$ cat structure.txt   # compact mmCIF, C-alpha atoms
# COMPACT_ATOMS: atom_id res chain seq x y z
CA MET N 5 43.46 9.12 -11.02
CA LYS N 6 43.16 5.40 -10.35
CA LYS N 7 41.41 6.11 -7.03
CA LEU N 8 39.00 8.48 -8.74
CA PHE N 9 38.18 5.87 -11.41
CA LEU N 10 37.70 3.16 -8.77
CA PHE N 11 35.44 5.50 -6.75
CA PHE N 12 33.34 6.18 -9.87
CA VAL N 13 33.00 2.44 -10.61
CA VAL N 14 31.95 1.69 -7.03
CA LEU N 15 29.49 4.58 -7.08
CA CYS N 16 27.91 3.34 -10.33
CA MET N 17 27.71 -0.23 -9.05
CA SER N 18 26.05 0.84 -5.81
CA HIS N 19 23.55 2.96 -7.77
CA PHE N 20 22.76 -0.03 -10.00
CA MET N 21 22.36 -2.35 -7.04
CA MET N 22 20.15 0.14 -5.20
CA GLY N 23 17.91 0.32 -8.28
CA GLN N 24 17.36 -3.42 -8.02
CA GLU N 25 15.99 -3.32 -4.47
CA HIS N 26 12.37 -4.32 -3.95
CA MET N 27 9.74 -3.04 -1.56
CA LYS N 28 9.27 -5.38 1.39
CA PHE N 29 6.07 -6.62 2.98
CA LYS N 30 6.46 -8.37 6.35
CA GLY N 31 10.17 -8.64 5.57
CA VAL N 32 9.57 -10.39 2.23
CA GLU N 33 10.57 -8.70 -1.03
CA ILE N 34 7.62 -7.97 -3.32
CA ASP N 35 9.04 -9.91 -6.25
CA GLY N 36 8.69 -13.24 -8.02
CA SER N 37 5.64 -15.05 -9.30
CA LEU N 38 2.25 -15.07 -7.60
CA SER N 39 2.70 -18.65 -6.39
CA GLU N 40 6.18 -17.86 -5.01
CA MET N 41 4.83 -14.87 -3.10
CA VAL N 42 1.89 -16.89 -1.75
CA THR N 43 4.31 -19.54 -0.50
CA LYS N 44 6.42 -16.89 1.27
CA LEU N 45 3.37 -15.28 2.87
CA LYS N 46 1.99 -18.63 4.01
CA ALA N 47 5.35 -19.19 5.74
CA LYS N 48 4.72 -15.86 7.54
CA GLY N 49 1.47 -17.27 8.97
CA PHE N 50 -1.15 -16.10 6.48
CA THR N 51 -3.92 -18.45 5.36
CA TYR N 52 -4.34 -18.86 1.61
CA LEU N 53 -7.95 -18.34 0.46
CA GLY N 54 -7.56 -18.61 -3.31
CA ALA N 55 -6.36 -17.03 -6.53
CA GLU N 56 -7.82 -15.95 -9.85
CA ASP N 57 -6.67 -13.80 -12.78
CA GLY N 58 -3.29 -12.90 -11.27
CA ILE N 59 -4.69 -12.01 -7.85
CA ALA N 60 -4.26 -14.09 -4.69
CA ILE N 61 -6.13 -13.55 -1.43
CA LEU N 62 -4.84 -14.50 1.98
CA GLN N 63 -6.02 -13.78 5.51
CA GLY N 64 -4.23 -13.19 8.76
CA ASP N 65 -2.97 -10.79 11.38
CA PHE N 66 -1.07 -7.69 10.33
CA ALA N 67 0.32 -4.71 12.27
CA GLY N 68 -1.62 -5.64 15.40
CA TYR N 69 -4.96 -6.20 13.60
CA ARG N 70 -6.65 -9.59 13.42
CA ASP N 71 -8.23 -11.16 10.35
CA CYS N 72 -6.98 -8.76 7.70
CA GLN N 73 -7.43 -9.60 4.03
CA ILE N 74 -4.16 -9.63 2.08
CA VAL N 75 -4.44 -9.19 -1.68
CA VAL N 76 -1.38 -10.01 -3.80
CA LEU N 77 -1.38 -8.55 -7.32
CA SER N 78 0.75 -9.73 -10.22
CA MET N 79 1.24 -8.01 -13.55
CA LYS N 80 -0.19 -9.72 -16.61
CA GLU N 81 2.73 -8.55 -18.75
CA THR N 82 5.50 -10.12 -16.63
CA GLY N 83 3.77 -12.53 -14.26
CA LYS N 84 5.66 -10.88 -11.40
CA VAL N 85 4.07 -9.55 -8.24
CA ASN N 86 4.19 -5.76 -8.07
CA ALA N 87 1.73 -4.85 -5.31
CA ILE N 88 0.23 -6.10 -2.07
CA ALA N 89 -2.81 -4.59 -0.38
CA VAL N 90 -4.07 -5.08 3.15
CA ALA N 91 -7.74 -4.55 3.95
CA PHE N 92 -8.14 -3.98 7.67
CA PRO N 93 -11.34 -5.02 9.51
CA ASP N 94 -14.58 -3.46 8.29
CA ARG N 95 -16.02 -0.69 10.45
CA LYS N 96 -19.58 0.60 10.81
CA ASP N 97 -18.74 3.89 12.54
CA TRP N 98 -16.39 6.84 12.05
CA SER N 99 -14.51 6.62 15.38
CA PRO N 100 -12.96 3.14 14.93
CA LEU N 101 -12.30 3.85 11.24
CA GLU N 102 -10.52 7.09 12.04
CA SER N 103 -8.61 5.39 14.85
CA ASP N 104 -7.39 2.65 12.48
CA TYR N 105 -6.30 5.21 9.90
CA ASN N 106 -4.56 7.55 12.37
CA GLY N 107 -2.80 4.70 14.17
CA LEU N 108 -1.45 3.21 10.95
CA LYS N 109 -0.49 6.63 9.60
CA SER N 110 1.45 7.32 12.77
CA MET N 111 3.34 4.01 12.53
CA LEU N 112 4.10 4.53 8.83
CA THR N 113 5.33 8.07 9.54
CA GLU N 114 7.60 6.75 12.28
CA LYS N 115 9.05 4.13 9.92
CA TYR N 116 9.17 6.00 6.58
CA GLY N 117 9.05 9.69 7.52
CA GLU N 118 6.40 12.26 6.71
CA PRO N 119 4.00 11.32 3.90
CA MET N 120 4.70 12.79 0.48
CA ARG N 121 1.02 13.67 0.06
CA VAL N 122 -1.93 13.82 2.45
CA ILE N 123 -5.53 14.46 1.44
CA GLU N 124 -7.98 14.36 4.32
CA LYS N 125 -11.02 16.21 3.10
CA PHE N 126 -14.79 15.99 3.13
CA GLN N 127 -16.79 17.27 0.18
CA ASP N 128 -18.33 19.96 2.40
CA ASP N 129 -16.40 22.33 4.64
CA TYR N 130 -18.61 21.63 7.64
CA VAL N 131 -19.44 18.08 8.68
CA PRO N 132 -21.50 18.24 11.90
CA ASN N 133 -20.83 14.86 13.51
CA ASN N 134 -19.34 11.38 13.21
CA TRP N 135 -22.45 9.94 11.56
CA PHE N 136 -22.07 12.40 8.68
CA LYS N 137 -18.31 11.81 8.48
CA PHE N 138 -18.87 8.07 8.12
CA HIS N 139 -21.70 8.64 5.64
CA TYR N 140 -19.41 10.82 3.52
CA ILE N 141 -16.80 8.04 3.37
CA THR N 142 -19.40 5.40 2.39
CA SER N 143 -20.96 7.80 -0.15
CA ASP N 144 -17.65 8.63 -1.84
CA LYS N 145 -17.95 12.26 -0.69
CA ALA N 146 -14.63 12.27 1.15
CA THR N 147 -11.00 11.49 0.46
CA TRP N 148 -8.89 10.32 3.37
CA ALA N 149 -5.45 9.22 2.15
CA SER N 150 -1.72 9.45 2.83
CA VAL N 151 1.03 8.48 0.37
CA PHE N 152 4.55 7.56 1.43
CA GLU N 153 7.45 7.38 -1.04
CA THR N 154 10.53 5.24 -0.54
CA SER N 155 13.40 4.44 -2.87
CA ASP N 156 11.87 0.97 -3.33
CA GLY N 157 8.28 1.99 -4.02
CA THR N 158 5.13 3.70 -2.83
CA ILE N 159 2.85 3.03 0.12
CA GLU N 160 -0.75 4.27 0.09
CA LEU N 161 -2.98 4.38 3.16
CA TYR N 162 -6.62 5.32 2.73
CA MET N 163 -10.20 4.85 3.89
CA ASN N 164 -12.41 2.97 1.47
CA LYS N 165 -16.12 2.20 1.21
CA VAL N 166 -16.81 -1.52 1.56
CA ASP N 167 -20.60 -1.43 1.45
CA TYR N 168 -23.31 1.18 1.98
CA ASP N 169 -22.84 0.86 5.75
CA GLU N 170 -19.23 -0.33 6.06
CA ALA N 171 -15.79 1.09 5.38
CA ALA N 172 -12.24 -0.07 5.98
CA VAL N 173 -8.71 1.21 5.96
CA ILE N 174 -6.62 -0.08 3.05
CA LEU N 175 -2.84 -0.15 2.92
CA LYS N 176 -1.13 -0.76 -0.46
CA TYR N 177 2.52 -1.43 -1.16
CA TYR N 178 3.72 -0.87 -4.75
CA ASP N 179 7.12 -2.24 -5.73
CA LYS N 180 8.97 0.27 -7.90
CA ALA N 181 11.35 -2.13 -9.68
CA ASN N 182 8.65 -4.48 -11.01
CA THR N 183 6.22 -1.68 -11.84
CA ASP N 184 8.94 0.21 -13.75
CA VAL N 185 9.53 -2.82 -16.00
CA VAL N 186 5.94 -2.68 -17.25
CA ARG N 187 6.06 1.10 -17.52
CA ALA N 188 9.19 0.90 -19.68
CA SER N 189 7.46 -1.59 -21.96
CA ALA N 190 4.42 0.70 -22.22
CA MET N 191 6.69 3.64 -23.04
CA ASP N 192 8.16 1.62 -25.92
CA ASP N 193 4.62 1.33 -27.30
CA LEU N 194 4.24 5.10 -27.46
$ encode --input "structure.txt" --output "structure tokens"
Amino acid sequence: MKKLFLFFVVLCMSHFMMGQEHMKFKGVEIDGSLSEMVTKLKAKGFTYLGAEDGIAILQGDFAGYRDCQIVVLSMKETGKVNAIAVAFPDRKDWSPLESDYNGLKSMLTEKYGEPMRVIEKFQDDYVPNNWFKFHYITSDKATWASVFETSDGTIELYMNKVDYDEAAVILKYYDKANTDVVRASAMDDL
């Protein structure tokens, strides 16, 4: 009976400790204040560009891509960082955009397993060539996204319009622990 009780206590403690884990970005937990996270990312080699309204922007190399924009988001309610987004280099054509997306999706799948959800769809069933494919992305007539779930949070990979003639792949990391704190507070309001 004592062994069973001890097993139950250890099981509960491990569950509690696992619930406190944070999503990692470049080996750094997505946690703490905006300035703390900026300091940690600067130590990883990113260049700080500025901050405003709970958002910091950095620049640097990520996952084999040069000059990516790194956006660190903190929650107004807690002041803690809960998400980091990476904007990969802007593209002006479908082929390099698709290559970026497929390459990153492949690496994420290797690391985290198959995506929980994939939507890779143009508004029309038939898109004749790459010019039209790119035009559909920059005209918001296509959705190209993959979502990965982990015990520590969610990772979203998608193509996004940057300008009328540019698009980029975006990768977002959402920390579950810090996001759940705000959600619990919002639920209390209901």
$ closest_residue --input "structure.txt" --among "N:Val42, N:Cys72, N:Met79, N:Ala91" --to "N:Asp57" --atoms "only C-alpha atoms"
N:Met79
$ atom_distance --input "structure.txt" --atom1 "atom CA of N:Glu170" --atom2 "atom CA of N:Trp135"
12.1 Å
$ atom_distance --input "structure.txt" --atom1 "atom CA of N:Asp94" --atom2 "atom CA of N:Asp128"
24.4 Å
$ atom_distance --input "structure.txt" --atom1 "atom CA of N:Asp179" --atom2 "atom CA of N:Ile159"
9.0 Å
$ closest_residue --input "structure.txt" --among "N:Tyr52, N:Lys165, N:Lys44, N:Gly58" --to "N:Asn86" --atoms "only C-alpha atoms"
N:Gly58
$ residues_around --input "structure.txt" --residues "N:Gln63" --least-positions-apart "3" --cutoff "12 Å" --atoms "all atoms listed in the file" --output "PyMOL selection string"
chain N and resi 42+45-46+48-54+60+66+69-76+89-93
$ closest_residue --input "structure.txt" --among "N:Lys109, N:Lys115, N:Lys80, N:Lys180" --to "N:Met163" --atoms "only C-alpha atoms"
N:Lys109
$ closest_residue --input "structure.txt" --among "N:Val173, N:Ile61, N:Val85, N:Val151" --to "N:Thr113" --atoms "all atoms listed in the file"
N:Val151
